[in-house]
Structure formats: structure tokens, C-alpha cells
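Containing JSON, C-alpha atoms: final02.json.
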[["chain", "number", "residue", "atom", "x", "y", "z"],
["T", 1, "MET", "CA", 5.00, -24.66, -3.19],
["T", 2, "GLN", "CA", 2.23, -22.89, -5.06],
["T", 3, "THR", "CA", 1.13, -19.42, -4.01],
["T", 4, "VAL", "CA", -2.47, -18.23, -4.05],
["T", 5, "PHE", "CA", -1.57, -16.44, -7.26],
["T", 6, "SER", "CA", -0.12, -19.48, -8.99],
["T", 7, "ARG", "CA", -3.00, -21.81, -7.99],
["T", 8, "PHE", "CA", -5.57, -19.35, -9.30],
["T", 9, "PHE", "CA", -3.53, -18.55, -12.37],
["T", 10, "ILE", "CA", -3.31, -22.23, -13.34],
["T", 11, "TYR", "CA", -7.10, -22.44, -12.99],
["T", 12, "ALA", "CA", -7.72, -19.20, -14.87],
["T", 13, "ALA", "CA", -5.37, -20.10, -17.69],
["T", 14, "LYS", "CA", -7.68, -23.01, -18.49],
["T", 15, "GLN", "CA", -10.64, -20.63, -18.73],
["T", 16, "ILE", "CA", -11.42, -18.07, -21.44],
["T", 17, "PRO", "CA", -8.20, -16.07, -21.99],
["T", 18, "VAL", "CA", -10.12, -12.83, -21.40],
["T", 19, "ILE", "CA", -9.92, -13.23, -17.61],
["T", 20, "THR", "CA", -6.20, -13.79, -17.36],
["T", 21, "LEU", "CA", -4.97, -10.19, -17.13],
["T", 22, "ILE", "CA", -6.59, -9.73, -13.73],
["T", 23, "CYS", "CA", -4.98, -12.94, -12.56],
["T", 24, "LEU", "CA", -1.67, -11.77, -13.95],
["T", 25, "MET", "CA", -1.59, -8.74, -11.70],
["T", 26, "SER", "CA", -2.57, -10.61, -8.50],
["T", 27, "PHE", "CA", 0.83, -10.81, -6.87],
["T", 28, "SER", "CA", 0.75, -13.06, -3.82],
["T", 29, "SER", "CA", 3.12, -10.87, -1.83],
["T", 30, "TRP", "CA", 0.87, -7.84, -2.36],
["T", 31, "ALA", "CA", -2.50, -9.47, -2.77],
["T", 32, "ALA", "CA", -5.20, -10.14, -0.25],
["T", 33, "ASN", "CA", -5.58, -13.94, -0.08],
["T", 34, "ASP", "CA", -9.26, -13.81, -0.96],
["T", 35, "ASP", "CA", -8.72, -11.89, -4.21],
["T", 36, "ALA", "CA", -8.08, -15.04, -6.25],
["T", 37, "LYS", "CA", -11.42, -16.47, -5.07],
["T", 38, "GLN", "CA", -13.44, -13.43, -6.12],
["T", 39, "PRO", "CA", -15.30, -12.99, -9.41],
["T", 40, "ILE", "CA", -13.53, -11.06, -12.15],
["T", 41, "HIS", "CA", -15.30, -8.01, -13.59],
["T", 42, "ILE", "CA", -14.16, -6.28, -16.78],
["T", 43, "GLU", "CA", -15.76, -3.22, -18.33],
["T", 44, "ALA", "CA", -14.65, -1.57, -21.56],
["T", 45, "ASP", "CA", -16.08, 0.28, -24.53],
["T", 46, "ARG", "CA", -15.35, -2.76, -26.69],
["T", 47, "MET", "CA", -13.48, -6.05, -26.80],
["T", 48, "GLN", "CA", -12.15, -8.38, -29.43],
["T", 49, "TYR", "CA", -10.81, -11.92, -29.19],
["T", 50, "ASP", "CA", -8.47, -13.46, -31.77],
["T", 51, "ASN", "CA", -8.67, -17.23, -31.22],
["T", 52, "ALA", "CA", -6.01, -18.05, -33.84],
["T", 53, "ASN", "CA", -3.42, -15.86, -32.05],
["T", 54, "LYS", "CA", -4.83, -16.38, -28.53],
["T", 55, "VAL", "CA", -5.16, -12.63, -27.88],
["T", 56, "SER", "CA", -7.93, -10.83, -25.99],
["T", 57, "ARG", "CA", -8.05, -7.04, -26.39],
["T", 58, "PHE", "CA", -10.11, -4.53, -24.45],
["T", 59, "PHE", "CA", -10.43, -0.92, -25.64],
["T", 60, "GLY", "CA", -11.65, 2.34, -24.14],
["T", 61, "ASN", "CA", -12.01, 3.14, -20.45],
["T", 62, "VAL", "CA", -11.04, -0.38, -19.37],
["T", 63, "VAL", "CA", -11.73, -1.16, -15.71],
["T", 64, "ALA", "CA", -10.94, -4.64, -14.46],
["T", 65, "SER", "CA", -11.37, -5.79, -10.88],
["T", 66, "GLN", "CA", -11.11, -8.90, -8.76],
["T", 67, "GLY", "CA", -11.49, -8.61, -5.02],
["T", 68, "SER", "CA", -9.26, -5.76, -3.84],
["T", 69, "LEU", "CA", -7.43, -5.51, -7.18],
["T", 70, "THR", "CA", -8.42, -2.79, -9.65],
["T", 71, "ILE", "CA", -6.77, -2.06, -12.99],
["T", 72, "ARG", "CA", -7.63, 0.94, -15.15],
["T", 73, "ALA", "CA", -6.27, 1.50, -18.64],
["T", 74, "ALA", "CA", -7.14, 2.79, -22.08],
["T", 75, "GLN", "CA", -6.36, -0.65, -23.51],
["T", 76, "MET", "CA", -5.56, -4.12, -22.17],
["T", 77, "ASP", "CA", -4.15, -7.05, -24.12],
["T", 78, "VAL", "CA", -3.74, -10.63, -22.92],
["T", 79, "ARG", "CA", -1.81, -13.13, -25.01],
["T", 80, "GLN", "CA", -1.38, -16.83, -24.37],
["T", 81, "VAL", "CA", 1.89, -18.07, -25.88],
["T", 82, "ALA", "CA", 2.67, -21.59, -27.13],
["T", 83, "SER", "CA", 4.43, -22.60, -23.90],
["T", 84, "GLY", "CA", 1.14, -22.03, -22.07],
["T", 85, "HIS", "CA", 2.05, -18.94, -20.08],
["T", 86, "GLN", "CA", 0.40, -15.55, -20.51],
["T", 87, "LEU", "CA", 1.64, -12.07, -21.27],
["T", 88, "GLY", "CA", -0.55, -9.18, -20.17],
["T", 89, "VAL", "CA", -0.24, -5.51, -21.07],
["T", 90, "ALA", "CA", -2.27, -2.53, -19.82],
["T", 91, "ILE", "CA", -1.70, 0.71, -21.72],
["T", 92, "GLY", "CA", -2.59, 4.19, -20.53],
["T", 93, "SER", "CA", -3.90, 7.10, -22.58],
["T", 94, "ALA", "CA", -2.43, 10.54, -23.24],
["T", 95, "GLN", "CA", -4.49, 11.85, -20.29],
["T", 96, "HIS", "CA", -4.07, 8.97, -17.80],
["T", 97, "ARG", "CA", -1.39, 6.39, -17.18],
["T", 98, "ALA", "CA", -2.36, 2.72, -16.75],
["T", 99, "TYR", "CA", -3.11, 2.17, -13.05],
["T", 100, "PHE", "CA", -3.41, -0.67, -10.56],
["T", 101, "ARG", "CA", -4.29, -0.82, -6.87],
["T", 102, "GLN", "CA", -4.41, -3.81, -4.53],
["T", 103, "ASN", "CA", -4.74, -4.36, -0.79],
["T", 104, "ARG", "CA", -1.90, -6.17, 0.97],
["T", 105, "ASP", "CA", -2.87, -9.28, 2.89],
["T", 106, "ASN", "CA", -3.65, -8.97, 6.62],
["T", 107, "THR", "CA", -2.70, -5.30, 6.79],
["T", 108, "ASN", "CA", -4.24, -1.88, 6.51],
["T", 109, "GLU", "CA", -1.92, -1.31, 3.55],
["T", 110, "TYR", "CA", -2.35, -1.17, -0.17],
["T", 111, "ILE", "CA", -0.06, -0.83, -3.15],
["T", 112, "GLU", "CA", -0.87, 1.27, -6.17],
["T", 113, "GLY", "CA", 1.13, 2.01, -9.25],
["T", 114, "GLU", "CA", 0.86, 3.72, -12.57],
["T", 115, "ALA", "CA", 2.86, 3.94, -15.74],
["T", 116, "ILE", "CA", 2.37, 4.50, -19.42],
["T", 117, "ARG", "CA", 2.46, 0.71, -19.76],
["T", 118, "LEU", "CA", 2.07, -2.20, -17.30],
["T", 119, "GLU", "CA", 3.48, -5.55, -18.50],
["T", 120, "TYR", "CA", 3.14, -8.94, -16.82],
["T", 121, "ASP", "CA", 4.79, -12.25, -17.75],
["T", 122, "SER", "CA", 3.32, -15.26, -15.96],
["T", 123, "ARG", "CA", 6.34, -17.43, -16.77],
["T", 124, "THR", "CA", 8.73, -15.17, -14.85],
["T", 125, "THR", "CA", 6.04, -13.74, -12.49],
["T", 126, "THR", "CA", 7.38, -10.29, -13.29],
["T", 127, "LEU", "CA", 5.43, -7.03, -13.39],
["T", 128, "LYS", "CA", 7.11, -4.18, -15.27],
["T", 129, "LEU", "CA", 5.87, -0.59, -15.07],
["T", 130, "VAL", "CA", 7.27, 1.20, -18.12],
["T", 131, "GLY", "CA", 7.44, 4.95, -18.77],
["T", 132, "ASP", "CA", 6.75, 7.59, -16.13],
["T", 133, "ALA", "CA", 6.44, 4.76, -13.59],
["T", 134, "THR", "CA", 5.42, 5.25, -9.96],
["T", 135, "ILE", "CA", 4.60, 2.75, -7.25],
["T", 136, "ARG", "CA", 3.26, 3.73, -3.81],
["T", 137, "ARG", "CA", 2.56, 1.95, -0.54],
["T", 138, "TYR", "CA", -0.13, 3.38, 1.72],
["T", 139, "ARG", "CA", -0.92, 2.61, 5.34],
["T", 140, "GLY", "CA", -4.57, 3.49, 5.63],
["T", 141, "THR", "CA", -4.83, 6.78, 3.80],
["T", 142, "GLU", "CA", -1.24, 7.86, 4.57],
["T", 143, "LEU", "CA", 1.40, 7.61, 1.86],
["T", 144, "TRP", "CA", 4.20, 5.52, 3.37],
["T", 145, "ASP", "CA", 6.69, 4.75, 0.57],
["T", 146, "GLN", "CA", 7.01, 5.83, -3.05],
["T", 147, "SER", "CA", 9.36, 4.97, -5.91],
["T", 148, "SER", "CA", 9.42, 6.63, -9.34],
["T", 149, "GLY", "CA", 11.52, 6.11, -12.42],
["T", 150, "GLY", "CA", 11.55, 5.26, -16.09],
["T", 151, "VAL", "CA", 11.04, 1.54, -15.42],
["T", 152, "ILE", "CA", 10.06, -0.32, -12.24],
["T", 153, "THR", "CA", 10.33, -4.13, -12.31],
["T", 154, "TYR", "CA", 8.94, -6.42, -9.59],
["T", 155, "ASN", "CA", 9.48, -10.17, -9.44],
["T", 156, "ASP", "CA", 6.78, -11.97, -7.45],
["T", 157, "THR", "CA", 8.81, -15.15, -6.97],
["T", 158, "THR", "CA", 11.85, -13.43, -5.48],
["T", 159, "SER", "CA", 10.08, -10.34, -4.00],
["T", 160, "PHE", "CA", 12.86, -8.30, -5.64],
["T", 161, "PHE", "CA", 12.27, -4.98, -7.37],
["T", 162, "THR", "CA", 14.35, -2.47, -9.26],
["T", 163, "VAL", "CA", 13.78, 1.16, -10.19],
["T", 164, "GLU", "CA", 15.65, 2.47, -13.23],
["T", 165, "SER", "CA", 16.19, 6.05, -14.31],
["T", 166, "GLY", "CA", 16.04, 7.21, -17.89],
["T", 167, "PRO", "CA", 14.38, 9.57, -20.34],
["T", 168, "ASN", "CA", 10.93, 8.21, -19.43],
["T", 169, "SER", "CA", 11.45, 8.88, -15.73],
["T", 170, "SER", "CA", 8.85, 10.98, -13.92],
["T", 171, "SER", "CA", 11.50, 13.30, -12.43],
["T", 172, "ALA", "CA", 12.76, 16.35, -14.29],
["T", 173, "SER", "CA", 16.37, 15.14, -13.92],
["T", 174, "GLY", "CA", 15.57, 11.77, -15.46],
["T", 175, "ARG", "CA", 16.85, 10.03, -12.33],
["T", 176, "MET", "CA", 14.89, 7.58, -10.22],
["T", 177, "THR", "CA", 13.52, 8.79, -6.89],
["T", 178, "MET", "CA", 12.47, 7.00, -3.72],
["T", 179, "VAL", "CA", 10.87, 8.14, -0.49],
["T", 180, "LEU", "CA", 10.91, 5.67, 2.43],
["T", 181, "THR", "CA", 9.12, 6.30, 5.70],
["T", 182, "PRO", "CA", 10.86, 4.89, 8.79],
["T", 183, "GLU", "CA", 8.96, 2.38, 10.88],
["T", 184, "PRO", "CA", 7.55, 3.97, 14.04],
["T", 185, "ASN", "CA", 9.20, 3.12, 17.36],
["T", 186, "ASP", "CA", 6.60, 1.45, 19.52]]
Take the structure in the file and give it back as C-alpha cells.
Amino acid sequence: MQTVFSRFFIYAAKQIPVITLICLMSFSSWAANDDAKQPIHIEADRMQYDNANKVSRFFGNVVASQGSLTIRAAQMDVRQVASGHQLGVAIGSAQHRAYFRQNRDNTNEYIEGEAIRLEYDSRTTTLKLVGDATIRRYRGTELWDQSSGGVITYNDTTSFFTVESGPNSSSASGRMTMVLTPEPND
């Protein structure tokens, strides 16, 4: 069974490789269903495309959006490998980590995350937040859950995620941290 993400990704992969990074980040379990049907907008100070190596690069104040999804980074690279899948990387600057935000489908919730580096592999449908990584879930404007660590990995296919500690963790101790808000009793 194909998800909204995979159907759109298959379509987008046939288009100019420049648009694929936005598609890469559109996780079906997080994404609003209409996101994949929305136009993709990318702004940057400059861009270069290497057709021989199938790499699109965006530099300087990169802002990419599609529907409820927004990605901000100092640089974004999208590479199409020989097997046909794509690898996407968003890299932050010394002042700001790479950032993404997306509404969750049929809820008043959204997910946002930031790290020094965001990596996506379309073959494994895995998003990895690397270095000073944080991911948050909001209900409306209220912070509901938060996880921080050196590396956060989320697999879209299995809806499984891990948070690892390490020297690039956002906590002073180098350990991972998590805050979970209990569901209200109705």
C-alpha cells in the first residue's frame, strides 16, 4: 500500500531533482494529507545543479515549503543515486540549526525539529536529525512532547524512532532527554 508520501515521491522523483528534498521530508505519519498536492516553493541566495552527479544544491538562507511543511537551512543538497532513490540533506549554520515544521493530519498538532544536520533517505524512509537534535510535538501553541539528543532517527515505514545520547547531544551531560505530557482524562 502506498502512502501519500510515497505516491507523491514517485511522481516528484520523475520531475526536476530540485524539488525532491521537500518531498523527502513529507512523512505520511506526520504530514497533512494535502501537503503532497501543494506547490513546492524554494528560496535561497543561490542554487546549482550538477546533472552528471544528479545533485541539486541550495545555498544561503534556504527556505523550502510545501503545504504545511517548512524547512529552513543554510544549505540543502538533494542527490539522486543510481538505484533511483534520493538522499536529502539540510545543513544549519553556526547561528541556526537546520529546522523543519509540519502539521499532523486531522489534528491541531504539529511536529517541529532542528539539528545541525537533517538527513533523509527515500529508500529506507528514514529521517535522521544529527547533532544537537531536538524534536517537539505541539498541540495548538502548547508544547506537548519533546526529545533531545545527539542523534534522533525516525523511520516513516515503521513509525519507530530512537534518540541517542553522545557528545553532540543538546544536554550538558551528553545524555538524551525526553519530556512526555500525559493525555488528559476526559
Discussion item. I want to know what sits within 9 Å of Glu119 of chain T, based on only C-alpha atoms, with residues of the same chain fewer than 4 positions away left out; could you give that as a PyMOL selection string?
Written reply: chain T and resi 87-91+126-130
Practice prompt. Mind checking which residues fall within 6 Å of segment 161-171 of chain T, counting only C-alpha atoms, ignoring those fewer than 4 positions away in the same chain, and posting them as a ChimeraX atom specification?
Written response: /T:131-132,149-154,175-176
Fill in: For Arg117 of chain T, the nearest of the candidates T:Arg72, T:Phe58, T:Ser159, T:Gly84, counting all atoms listed in the file
T:Arg72
Fill in: Straight-line distance linking atom CA of Asp50 of chain T with atom CA of Asp77 of chain T, stated in Å to one decimal
10.9 Å
Worksheet item: Which residues, written as an NGL selection string, have at least one atom at most 9 Å from Ala98 of chain T, with all atoms listed in the file counted and residues fewer than 3 positions away on the same chain left out?
Response: :T and (71-75 or 90-93 or 113-118)
Fill in: Between atom CA of Glu142 of chain T and atom CA of Gln102 of chain T, distance in Å (one decimal)
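Taking atom CA of Glu142 of chain T and atom CA of Gln102 of chain T, their separation equals 15.1 Å.
Closest approach to Lys37 of chain T from the set T:Asn61, T:Asn155, T:Asn51, T:Gln66 is made by T:Gln66, with distances taken over only C-alpha atoms.
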Worksheet item: atom CA of Tyr138 of chain T to atom CA of Ile40 of chain T: how many Å, to one decimal?
Response: 24.1 Å
Item to complete: Check the smallest atom-to-atom distance from each of T:Gln146, T:Gln38, T:Ser122, T:Arg139 to Ser83 of chain T using all atoms listed in the file, then report the winner.
Response: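 Ranked by minimum distance to Ser83 of chain T, first place goes to T:Ser122.
Among the candidate residues T:Ala133, T:Leu180, T:Gln48, T:Val62, the one lying nearest to Arg97 of chain T is T:Ala133, with distances computed using only C-alpha atoms.
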Worksheet item: Taking into account all atoms listed in the file, which residue in the set T:His96, T:Arg79, T:Pro39, T:Thr124 is nearest to Arg57 of chain T?
Response: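 Among T:His96, T:Arg79, T:Pro39, T:Thr124, it is T:Arg79 that comes nearest to Arg57 of chain T.
For the set T:Arg123, T:Asp105, T:Thr177, T:Ala172, the residue with the smallest atom-to-atom gap to Ser148 of chain T is T:Thr177, counting only C-alpha atoms.
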